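Engineer: Structure file input_6.cif (mmCIF, C-alpha atoms) right here:
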```
data_work
#
loop_
_atom_site.label_atom_id
_atom_site.label_comp_id
_atom_site.auth_asym_id
_atom_site.auth_seq_id
_atom_site.Cartn_x
_atom_site.Cartn_y
_atom_site.Cartn_z
CA MET A 1 0.00 0.00 0.00
CA LYS A 2 1.09 3.56 -0.62
CA LEU A 3 -0.13 6.57 1.35
CA TYR A 4 0.10 10.00 -0.25
CA ILE A 5 0.18 13.01 2.07
CA SER A 6 1.12 16.68 1.87
CA GLU A 7 2.85 18.83 4.47
CA GLY A 8 0.59 21.39 6.11
CA ASN A 9 -2.56 19.42 5.29
CA PRO A 10 -4.39 18.93 8.64
CA HIS A 11 -6.29 15.89 7.31
CA CYS A 12 -2.97 14.05 7.00
CA LEU A 13 -2.35 14.14 10.76
CA LYS A 14 -4.88 11.43 11.58
CA VAL A 15 -3.86 9.05 8.78
CA LEU A 16 -0.16 9.23 9.64
CA ALA A 17 -0.95 8.61 13.30
CA ALA A 18 -3.18 5.67 12.28
CA VAL A 19 -0.31 4.11 10.31
CA GLU A 20 1.96 4.35 13.36
CA VAL A 21 -0.61 3.15 15.90
CA THR A 22 -1.73 0.14 13.85
CA GLY A 23 1.71 -0.84 12.58
CA VAL A 24 0.31 -1.52 9.10
CA GLN A 25 3.11 -1.64 6.51
CA CYS A 26 2.61 1.32 4.24
CA ASP A 27 4.89 3.33 1.96
CA VAL A 28 4.33 7.02 2.79
CA GLN A 29 5.04 9.56 0.06
CA CYS A 30 4.83 13.33 0.52
CA VAL A 31 3.54 15.26 -2.51
CA ASN A 32 2.42 18.77 -3.37
CA HIS A 33 -1.07 19.96 -2.36
CA GLU A 34 -2.01 20.30 -6.03
CA GLU A 35 -0.83 16.88 -7.19
CA ARG A 36 -3.55 14.55 -8.51
CA VAL A 37 -2.71 11.10 -7.20
CA VAL A 38 -6.19 9.64 -7.72
CA PRO A 39 -6.21 9.30 -11.51
CA PHE A 40 -9.95 9.44 -12.11
CA LEU A 41 -10.60 12.59 -10.05
CA SER A 42 -10.44 15.95 -11.78
CA ARG A 43 -9.28 17.71 -8.58
CA PRO A 44 -6.59 16.98 -5.97
CA ALA A 45 -7.64 14.73 -3.09
CA LEU A 46 -5.20 14.23 -0.22
CA PRO A 47 -4.53 12.19 1.78
CA ALA A 48 -5.05 9.21 -0.50
CA LEU A 49 -4.31 5.53 0.06
CA LEU A 50 -3.51 3.25 -2.88
CA LEU A 51 -4.74 -0.24 -1.98
CA PRO A 52 -3.20 -3.52 -3.17
CA SER A 53 -6.27 -3.97 -5.41
CA GLY A 54 -5.41 -0.75 -7.28
CA ASP A 55 -8.35 1.14 -5.78
CA HIS A 56 -7.94 4.42 -3.91
CA LEU A 57 -9.34 5.68 -0.63
CA PHE A 58 -9.33 9.47 -0.46
CA SER A 59 -11.32 10.24 2.69
CA SER A 60 -9.06 10.57 5.73
CA ASN A 61 -11.60 8.92 8.04
CA ALA A 62 -12.10 6.02 5.62
CA ILE A 63 -8.32 5.54 5.43
CA CYS A 64 -8.06 5.45 9.24
CA GLN A 65 -10.90 2.93 9.50
CA TYR A 66 -9.30 0.75 6.82
CA LEU A 67 -5.94 0.74 8.61
CA PHE A 68 -7.47 -0.18 11.96
CA GLU A 69 -9.62 -2.91 10.41
CA THR A 70 -6.59 -4.27 8.54
CA SER A 71 -4.81 -4.58 11.88
CA GLY A 72 -7.76 -6.54 13.28
CA GLN A 73 -9.43 -3.72 15.23
CA ASN A 74 -13.01 -3.53 13.99
CA ALA A 75 -15.11 -0.49 14.84
CA SER A 76 -17.99 -0.83 17.30
CA THR A 77 -21.34 0.89 16.93
CA LEU A 78 -20.23 3.56 19.40
CA ILE A 79 -17.06 4.22 17.43
CA ASN A 80 -19.05 4.58 14.21
CA GLN A 81 -21.38 7.06 15.90
CA TRP A 82 -18.42 9.15 17.04
CA LEU A 83 -16.87 9.05 13.56
CA GLU A 84 -20.16 10.27 12.12
CA TRP A 85 -20.23 13.09 14.68
CA GLU A 86 -16.69 14.08 13.76
CA SER A 87 -17.48 14.34 10.06
CA THR A 88 -20.94 15.91 10.29
CA GLU A 89 -20.76 18.12 13.38
CA LEU A 90 -17.12 18.85 14.20
CA GLN A 91 -15.48 19.19 10.78
CA PRO A 92 -17.69 21.98 9.35
CA VAL A 93 -17.13 24.12 12.45
CA LEU A 94 -13.46 23.20 12.64
CA LEU A 95 -12.73 24.17 9.04
CA GLN A 96 -14.40 27.52 9.60
CA ALA A 97 -12.36 28.05 12.79
CA LEU A 98 -9.10 27.18 11.01
CA HIS A 99 -9.94 29.60 8.22
CA MET A 100 -10.47 32.40 10.75
CA ALA A 101 -7.38 31.57 12.82
CA VAL A 102 -4.91 30.83 10.01
CA LEU A 103 -5.92 33.25 7.26
CA GLN A 104 -7.72 36.04 9.11
CA GLY A 105 -5.85 36.10 12.41
CA LYS A 106 -9.12 35.95 14.35
CA ALA A 107 -8.07 33.64 17.18
CA THR A 108 -10.80 34.78 19.58
CA GLU A 109 -13.58 34.25 17.05
CA ALA A 110 -12.15 30.87 16.11
CA SER A 111 -12.16 29.78 19.75
CA LYS A 112 -15.78 30.87 20.21
CA SER A 113 -16.93 28.98 17.13
CA LEU A 114 -15.53 25.73 18.53
CA GLN A 115 -17.04 26.03 22.01
CA GLY A 116 -20.19 24.09 21.10
CA PRO A 117 -18.65 20.85 19.79
CA LEU A 118 -15.80 20.96 22.31
CA SER A 119 -18.23 21.36 25.20
CA TYR A 120 -20.18 18.34 23.96
CA LEU A 121 -17.02 16.27 23.68
CA ASP A 122 -15.93 17.46 27.12
CA GLN A 123 -19.23 16.38 28.71
CA CYS A 124 -19.00 12.92 27.13
CA LEU A 125 -15.40 12.45 28.24
CA SER A 126 -16.18 13.59 31.78
CA LYS A 127 -18.92 10.96 32.06
CA GLY A 128 -16.72 8.17 30.71
CA THR A 129 -14.95 5.56 32.79
CA THR A 130 -12.08 4.81 30.40
CA PRO A 131 -8.92 6.83 29.67
CA TYR A 132 -9.82 7.03 25.99
CA LEU A 133 -13.07 7.87 24.28
CA THR A 134 -14.55 4.40 23.91
CA ALA A 135 -12.12 1.96 25.54
CA GLU A 136 -9.05 1.40 27.69
CA ALA A 137 -6.82 1.54 24.62
CA VAL A 138 -6.50 3.96 21.72
CA SER A 139 -9.14 3.34 19.03
CA VAL A 140 -9.65 4.74 15.56
CA VAL A 141 -11.96 7.46 16.86
CA ASP A 142 -9.31 8.71 19.30
CA VAL A 143 -6.83 9.03 16.43
CA VAL A 144 -9.39 10.71 14.15
CA LEU A 145 -10.47 13.26 16.76
CA TRP A 146 -6.91 13.89 17.91
CA GLY A 147 -5.83 14.58 14.33
CA ALA A 148 -8.78 16.88 13.72
CA LEU A 149 -8.29 18.88 16.92
CA HIS A 150 -4.49 18.94 17.12
CA PRO A 151 -4.00 22.20 15.17
CA VAL A 152 -6.33 24.14 17.49
CA LEU A 153 -5.68 22.45 20.84
CA SER A 154 -1.90 22.64 20.48
CA ASP A 155 -1.86 26.36 19.69
CA ALA A 156 -1.45 28.73 22.64
CA SER A 157 -3.38 31.54 20.92
CA LEU A 158 -6.61 29.53 21.07
CA ALA A 159 -7.96 29.21 24.60
CA PHE A 160 -10.46 26.52 25.64
CA GLU A 161 -11.84 25.69 29.10
CA CYS A 162 -12.47 21.97 28.63
CA LYS A 163 -10.58 20.03 31.28
CA SER A 164 -11.64 16.56 30.21
CA VAL A 165 -10.85 17.29 26.57
CA ARG A 166 -7.48 18.68 27.56
CA ALA A 167 -6.60 15.63 29.68
CA TRP A 168 -7.65 13.26 26.88
CA PHE A 169 -5.78 15.29 24.25
CA ASP A 170 -2.58 15.49 26.31
CA ARG A 171 -2.71 11.73 26.88
CA LEU A 172 -2.82 11.15 23.12
CA ALA A 173 -0.26 13.88 22.40
CA GLY A 174 2.18 11.91 24.52
CA GLU A 175 1.95 8.92 22.20
CA LYS A 176 4.99 8.55 19.93
CA ALA A 177 2.72 7.87 16.95
CA CYS A 178 0.95 11.20 17.36
CA GLN A 179 4.16 13.09 17.98
CA ALA A 180 5.71 11.67 14.81
CA ALA A 181 2.62 12.52 12.75
CA ALA A 182 2.49 16.10 14.05
CA GLN A 183 6.17 16.66 13.37
CA ARG A 184 5.98 15.36 9.82
CA VAL A 185 2.87 17.32 8.82
CA LEU A 186 3.37 20.57 10.76
CA GLN A 187 7.20 20.65 11.01
CA GLY A 188 6.95 22.31 14.42
CA LYS A 189 5.33 25.43 12.90
CA GLY A 190 1.86 25.07 14.43
CA LEU A 191 -0.99 26.86 12.67
CA GLU A 192 1.45 28.68 10.41
CA ALA A 193 2.19 25.37 8.68
CA LEU A 194 -1.41 25.19 7.48
CA LYS A 195 -1.37 28.52 5.66
CA SER A 196 -0.45 27.33 2.15
CA PHE A 197 -3.01 24.51 2.35
CA MET A 198 -5.81 26.73 3.69
CA GLN A 199 -5.21 29.34 0.99
CA LYS A 200 -6.09 26.75 -1.64
CA GLN A 201 -9.36 25.73 0.04
CA PRO A 202 -12.79 27.27 -0.66
CA VAL A 203 -14.04 29.66 1.97
CA PRO A 204 -16.18 27.64 4.41
CA HIS A 205 -19.74 28.84 4.95
CA SER A 206 -21.33 29.22 8.34
CA GLY A 207 -24.45 27.23 9.14
CA SER A 208 -25.40 23.67 8.28
CA GLY A 209 -25.64 23.81 4.52
CA GLN A 210 -22.17 22.67 3.52
CA ARG A 211 -20.72 19.27 2.87
CA ARG A 212 -19.75 17.36 6.03
CA ASP A 213 -16.60 15.65 4.81
CA ASN A 214 -13.01 15.69 5.89
CA SER A 215 -10.78 15.66 2.86
CA THR A 216 -12.09 17.28 -0.32
CA PRO A 217 -13.79 20.59 -1.14
CA SER A 218 -17.53 20.63 -1.55
CA GLU A 219 -18.81 20.25 -5.05
CA ALA A 220 -21.48 22.78 -4.16
CA GLU A 221 -18.76 25.27 -3.20
CA GLU A 222 -16.95 24.61 -6.47
CA GLY A 223 -20.11 25.26 -8.46
CA GLU A 224 -21.18 23.17 -11.43
CA ARG A 225 -18.49 20.66 -12.31
CA VAL A 226 -18.31 18.59 -15.48
CA VAL A 227 -17.71 14.90 -14.82
CA SER A 228 -14.65 13.80 -16.77
CA GLU A 229 -14.49 10.82 -19.12
CA GLU A 230 -12.00 9.19 -16.74
CA GLU A 231 -14.41 9.49 -13.81
CA MET A 232 -17.26 8.00 -15.80
CA GLU A 233 -15.07 5.14 -17.02
CA SER A 234 -13.84 4.43 -13.49
CA ALA A 235 -17.41 4.43 -12.17
CA ALA A 236 -18.45 1.99 -14.90
CA GLN A 237 -15.54 -0.34 -14.12
CA THR A 238 -16.28 -0.26 -10.40
CA TRP A 239 -19.95 -1.01 -11.07
CA SER A 240 -19.06 -3.94 -13.35
CA ARG A 241 -16.83 -5.47 -10.68
CA GLY A 242 -19.64 -5.32 -8.14
CA LEU A 243 -19.19 -5.34 -4.39
CA THR A 244 -16.67 -8.18 -4.35
CA GLY A 245 -14.62 -6.60 -1.61
CA CYS A 246 -17.61 -5.73 0.57
CA PRO A 247 -18.90 -8.15 3.20
CA ALA A 248 -22.35 -9.51 2.51
CA ALA A 249 -25.21 -8.15 4.57
CA PRO A 250 -26.25 -10.63 7.27
CA GLU A 251 -29.29 -12.77 6.56
CA ARG A 252 -32.44 -11.22 7.98
CA GLN A 253 -34.74 -13.08 10.33
CA HIS A 254 -38.34 -11.85 10.30
CA PRO A 255 -39.97 -10.36 12.23
CA ILE A 256 -37.25 -7.74 12.61
CA LEU A 257 -37.34 -6.45 16.19
CA PRO A 258 -35.14 -3.94 18.07
CA GLN A 259 -31.91 -5.45 19.38
CA GLU A 260 -29.98 -4.11 22.34
CA GLY A 261 -26.45 -3.08 21.52
CA ARG A 262 -27.12 -2.50 17.82
CA ARG A 263 -28.15 0.57 15.88
CA ASN A 264 -31.87 0.03 15.25
CA VAL A 265 -33.29 1.96 12.29
CA LEU A 266 -36.97 2.10 11.30
CA LEU A 267 -37.14 3.32 7.71
CA THR A 268 -40.00 4.16 5.38
CA SER A 269 -40.64 6.26 2.30
CA ALA A 270 -43.60 8.28 1.06
CA LEU A 271 -46.47 5.83 0.59
CA PRO A 272 -47.37 5.67 -3.13
CA TYR A 273 -51.00 6.33 -4.05
CA VAL A 274 -52.77 3.27 -5.37
CA ASN A 275 -54.65 4.98 -8.22
CA ASN A 276 -51.98 4.59 -10.92
CA VAL A 277 -49.24 2.44 -12.41
CA PRO A 278 -45.92 3.70 -10.97
CA HIS A 279 -43.42 4.94 -13.56
CA LEU A 280 -39.66 5.32 -13.23
CA GLY A 281 -39.91 8.85 -11.85
CA ASN A 282 -42.25 7.68 -9.08
CA ILE A 283 -39.84 4.92 -8.13
CA ILE A 284 -36.76 7.15 -8.12
CA GLY A 285 -38.49 9.90 -6.17
CA CYS A 286 -40.14 7.62 -3.66
CA VAL A 287 -39.17 4.06 -2.76
CA LEU A 288 -35.75 3.75 -4.43
CA SER A 289 -33.90 6.29 -2.28
CA ALA A 290 -35.13 4.61 0.90
CA ASP A 291 -34.14 1.21 -0.52
CA VAL A 292 -30.61 2.46 -1.20
CA PHE A 293 -30.30 3.76 2.36
CA ALA A 294 -31.68 0.50 3.78
CA ARG A 295 -29.09 -1.50 1.84
CA TYR A 296 -26.35 0.84 3.03
CA GLY A 297 -27.47 0.42 6.63
CA ARG A 298 -27.53 -3.36 6.37
CA LEU A 299 -24.00 -3.37 4.93
CA ARG A 300 -22.96 -1.23 7.89
CA GLY A 301 -24.36 -3.90 10.20
CA TRP A 302 -27.36 -1.86 11.36
CA ASN A 303 -30.60 -3.57 12.33
CA VAL A 304 -32.79 -1.98 9.63
CA LEU A 305 -36.54 -2.41 9.20
CA TYR A 306 -37.77 -0.98 5.88
CA VAL A 307 -41.57 -0.77 5.69
CA CYS A 308 -43.78 0.74 3.03
CA GLY A 309 -47.15 0.17 1.36
CA THR A 310 -49.83 1.62 -0.86
CA ASP A 311 -51.87 4.60 0.34
CA GLU A 312 -55.44 3.55 -0.44
CA TYR A 313 -57.46 6.39 1.10
CA GLY A 314 -58.51 9.70 -0.44
CA THR A 315 -60.49 11.30 -3.22
CA ALA A 316 -58.01 10.15 -5.89
CA THR A 317 -58.92 6.52 -5.21
CA GLU A 318 -62.64 7.23 -5.47
CA ASN A 319 -62.18 9.14 -8.74
CA LYS A 320 -60.14 6.31 -10.22
CA ALA A 321 -62.85 3.81 -9.26
CA ARG A 322 -65.49 5.88 -11.06
CA GLU A 323 -63.22 6.21 -14.10
CA GLU A 324 -62.78 2.42 -14.39
CA GLY A 325 -66.29 1.43 -13.32
CA LEU A 326 -65.04 -0.40 -10.25
CA THR A 327 -65.61 -0.08 -6.55
CA PRO A 328 -62.89 1.68 -4.51
CA GLN A 329 -61.98 -1.67 -2.94
CA GLN A 330 -61.57 -3.29 -6.36
CA VAL A 331 -59.36 -0.43 -7.52
CA CYS A 332 -57.24 -0.77 -4.40
CA ASP A 333 -56.88 -4.54 -4.84
CA LYS A 334 -55.99 -4.14 -8.51
CA TYR A 335 -53.35 -1.43 -8.17
CA HIS A 336 -51.82 -2.73 -4.96
CA ALA A 337 -50.93 -5.91 -6.86
CA VAL A 338 -49.57 -3.80 -9.75
CA HIS A 339 -47.39 -1.75 -7.40
CA ALA A 340 -46.12 -4.81 -5.53
CA ASP A 341 -45.20 -6.57 -8.80
CA ILE A 342 -43.35 -3.55 -10.20
CA TYR A 343 -41.34 -2.96 -7.03
CA ARG A 344 -40.52 -6.65 -6.90
CA TRP A 345 -39.32 -6.51 -10.51
CA PHE A 346 -37.05 -3.56 -9.64
CA GLN A 347 -35.80 -5.58 -6.62
CA VAL A 348 -36.80 -2.90 -4.12
CA ASP A 349 -36.09 -4.82 -0.95
CA PHE A 350 -38.88 -4.01 1.51
CA ASP A 351 -39.02 -5.90 4.77
CA TYR A 352 -42.76 -5.35 4.69
CA PHE A 353 -44.96 -3.87 1.95
CA GLY A 354 -48.51 -3.41 3.18
CA ARG A 355 -51.69 -1.43 2.64
CA THR A 356 -53.30 1.42 4.54
CA THR A 357 -56.73 -0.27 4.35
CA THR A 358 -55.80 -3.31 6.43
CA PRO A 359 -57.45 -3.51 9.89
CA LYS A 360 -54.05 -3.20 11.60
CA GLN A 361 -53.04 -0.10 9.62
CA THR A 362 -56.46 1.54 9.89
#
```
Reformat the file's structure so that it appears as structure tokens.

Structural biologist:
Amino acid sequence: MKLYISEGNPHCLKVLAAVEVTGVQCDVQCVNHEERVVPFLSRPALPALLLPSGDHLFSSNAICQYLFETSGQNASTLINQWLEWESTELQPVLLQALHMAVLQGKATEASKSLQGPLSYLDQCLSKGTTPYLTAEAVSVVDVVLWGALHPVLSDASLAFECKSVRAWFDRLAGEKACQAAAQRVLQGKGLEALKSFMQKQPVPHSGSGQRRDNSTPSEAEEGERVVSEEEMESAAQTWSRGLTGCPAAPERQHPILPQEGRRNVLLTSALPYVNNVPHLGNIIGCVLSADVFARYGRLRGWNVLYVCGTDEYGTATENKAREEGLTPQQVCDKYHAVHADIYRWFQVDFDYFGRTTTPKQT
């Protein structure tokens, strides 16, 4: 495997620390911020990990998870929840704070913007009974959060009153793996080392509308972007190979009931009206998106229950019955069967597909 990083890129801190902590053999190569190491992307994406299969990972959190799993340390449900929090809640605020501190010299404003997520992390750490976030030993989420927070928590100009966060951070900062990662990426320059990288990034927006990722600029921030021929070809090749490297979803046992210790997800979509034959647009805009998310959740190991059914009440049903010279019940019976057959043909994988006119539903 080969790991591509760039000096001054804060997202490289966590992946370098993960390499050291896990002991996974990996050739590390330092490149320029602007170098395109992922051949099918039309923009730079660092860090990036070239896998033995020839595929690339170019999300820093995904790289860290891969390294830990390769070393035999699989993520628990709690770890996955923390990783989701880091990418969706912490990163957007953190990138805005780094922009203010590094490029605008607004250390006070940067500190204030981070108070919310840091206070939440501090409360969780203070209630914990282990020296690290989820266990007695360092896990992938400790490395990910340490790498994300290192630029701000190690800088004296940014003041934070979070004792539990500080104790946890100092414990990790004492690890040789973290020290080596910080030295290689920041070269002992602190926030100043991030300046050239931050200058090449789009200006982060305040609020909750931006992308919650940790390695590449938002496509929305870049504006309309033309998909290259190489990207389309790569997507086609990946699709043709299928999910050979992905573990199969566990076999489901019905009825699906909540299970303690697992992430239980009840999922549904808008209930399709029963007065028509569904066309492709109905499927895409209704049941297909929920089906995709259900499949994703099952591959993640979540306990997912996907329920749906035909909506058989309302004036539209009565009008359709008059149009076809049938009773409302006959129309409902006819089109429920049509809907069920079409969704079955498209392999929409409901756990239960029912009807609103059943005694239980009514």

Engineer: Taking all atoms listed in the file into account, which of A:His99, A:His33, A:His279, A:Lys176 comes nearest A:Glu192?

Structural biologist: A:His99

Engineer: Select, from A:Val152, A:Gln199, A:Asp351, A:Gly285, the residue with the minimum atom-to-atom distance to A:Leu257, counting all atoms listed in the file.

Structural biologist: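 The answer is A:Asp351, which sits nearest to A:Leu257.
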
Engineer: Just checking: using all atoms listed in the file, which residue out of A:Ser71, A:Ser196, A:Ser228, A:Gln81 ends up closest to A:Val102?

Structural biologist: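 Residue with the minimum atom-to-atom distance to A:Val102: A:Ser196.
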
Engineer: Would you work out the distance separating atom CA of A:Gly314 from atom CA of A:Asp291, expressed in Å to one decimal?

Structural biologist: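 That distance, rounded to one decimal, is 25.8 Å.
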
Engineer: What do you get, as a list in words, if you spell out every residue that the PyMOL selection byres ((chain A and resi 58) around 6) selects here?

Structural biologist: Pro47, Ala48, Leu57 and Ser59 of chain A

Engineer: List the residues matched by the PyMOL selection byres ((chain A and resi 175) around 12) in the displayed structure as a PDB file with C-alpha atoms, keeping the file's coordinate frame, ordered by chain and then by residue number.

Structural biologist:
```pdb
ATOM      1  CA  ALA A  17      -0.950   8.610  13.300  1.00  0.00           C
ATOM      2  CA  ALA A  18      -3.180   5.670  12.280  1.00  0.00           C
ATOM      3  CA  GLU A  20       1.960   4.350  13.360  1.00  0.00           C
ATOM      4  CA  VAL A  21      -0.610   3.150  15.900  1.00  0.00           C
ATOM      5  CA  ALA A 137      -6.820   1.540  24.620  1.00  0.00           C
ATOM      6  CA  VAL A 138      -6.500   3.960  21.720  1.00  0.00           C
ATOM      7  CA  ASP A 142      -9.310   8.710  19.300  1.00  0.00           C
ATOM      8  CA  VAL A 143      -6.830   9.030  16.430  1.00  0.00           C
ATOM      9  CA  TRP A 146      -6.910  13.890  17.910  1.00  0.00           C
ATOM     10  CA  TRP A 168      -7.650  13.260  26.880  1.00  0.00           C
ATOM     11  CA  PHE A 169      -5.780  15.290  24.250  1.00  0.00           C
ATOM     12  CA  ASP A 170      -2.580  15.490  26.310  1.00  0.00           C
ATOM     13  CA  ARG A 171      -2.710  11.730  26.880  1.00  0.00           C
ATOM     14  CA  LEU A 172      -2.820  11.150  23.120  1.00  0.00           C
ATOM     15  CA  ALA A 173      -0.260  13.880  22.400  1.00  0.00           C
ATOM     16  CA  GLY A 174       2.180  11.910  24.520  1.00  0.00           C
ATOM     17  CA  LYS A 176       4.990   8.550  19.930  1.00  0.00           C
ATOM     18  CA  ALA A 177       2.720   7.870  16.950  1.00  0.00           C
ATOM     19  CA  CYS A 178       0.950  11.200  17.360  1.00  0.00           C
ATOM     20  CA  GLN A 179       4.160  13.090  17.980  1.00  0.00           C
ATOM     21  CA  ALA A 180       5.710  11.670  14.810  1.00  0.00           C
ATOM     22  CA  ALA A 181       2.620  12.520  12.750  1.00  0.00           C
ATOM     23  CA  ALA A 182       2.490  16.100  14.050  1.00  0.00           C
TER      24      ALA A 182
END
```

Engineer: Can you work out the spacing between atom CA of A:Ala290 and atom CA of A:Leu267 in Å, to one decimal?

Structural biologist: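 Interatomic distance here is 7.2 Å.
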
Engineer: Name the residues captured by the PyMOL selection byres ((chain A and resi 75) around 12) when it is applied to the shown file; answer as a ChimeraX atom specification.

Structural biologist: /A:62,64-74,76-83,134-135,138-142,300-301

Engineer: Tell me, as a CSV table (one decimal) with C-alpha atoms, in the frame of the given file, which residues lie within 8 Å of stretch 50-56 of chain A, counting only C-alpha atoms; anything in the same chain fewer than 4 positions away does not count.

Structural biologist:
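In the end it all went to part_5.csv:
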```csv
chain,number,residue,atom,x,y,z
A,1,MET,CA,0.0,0.0,0.0
A,2,LYS,CA,1.1,3.6,-0.6
A,3,LEU,CA,-0.1,6.6,1.4
A,38,VAL,CA,-6.2,9.6,-7.7
```

Engineer: Using all atoms listed in the file, pick whichever of A:Ile283, A:Gln123, A:Val292, A:Gln96 has the shortest atom-to-atom distance to A:Ser111.

Structural biologist: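 Checking each candidate against A:Ser111, we get A:Gln96 as the closest.
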
Engineer: Atom CA of A:Leu158 to atom CA of A:Tyr132: how many Å, to one decimal?

Structural biologist: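 Pair atom CA of A:Leu158 / atom CA of A:Tyr132 returns 23.3 Å.
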
Engineer: Smallest atom-to-atom distance to A:Pro258: which of A:Leu153, A:Ala167, A:Leu271, A:Val304, using all atoms listed in the file?

Structural biologist: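 Among A:Leu153, A:Ala167, A:Leu271, A:Val304, it is A:Val304 that comes nearest to A:Pro258.
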
Engineer: Out of A:Asn282, A:Ser289, A:Asn319, A:Asn303, which residue has the shortest atom-to-atom distance to A:Asn264 when counting all atoms listed in the file?

Structural biologist: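 That would be A:Asn303, the residue with the smallest distance to A:Asn264.
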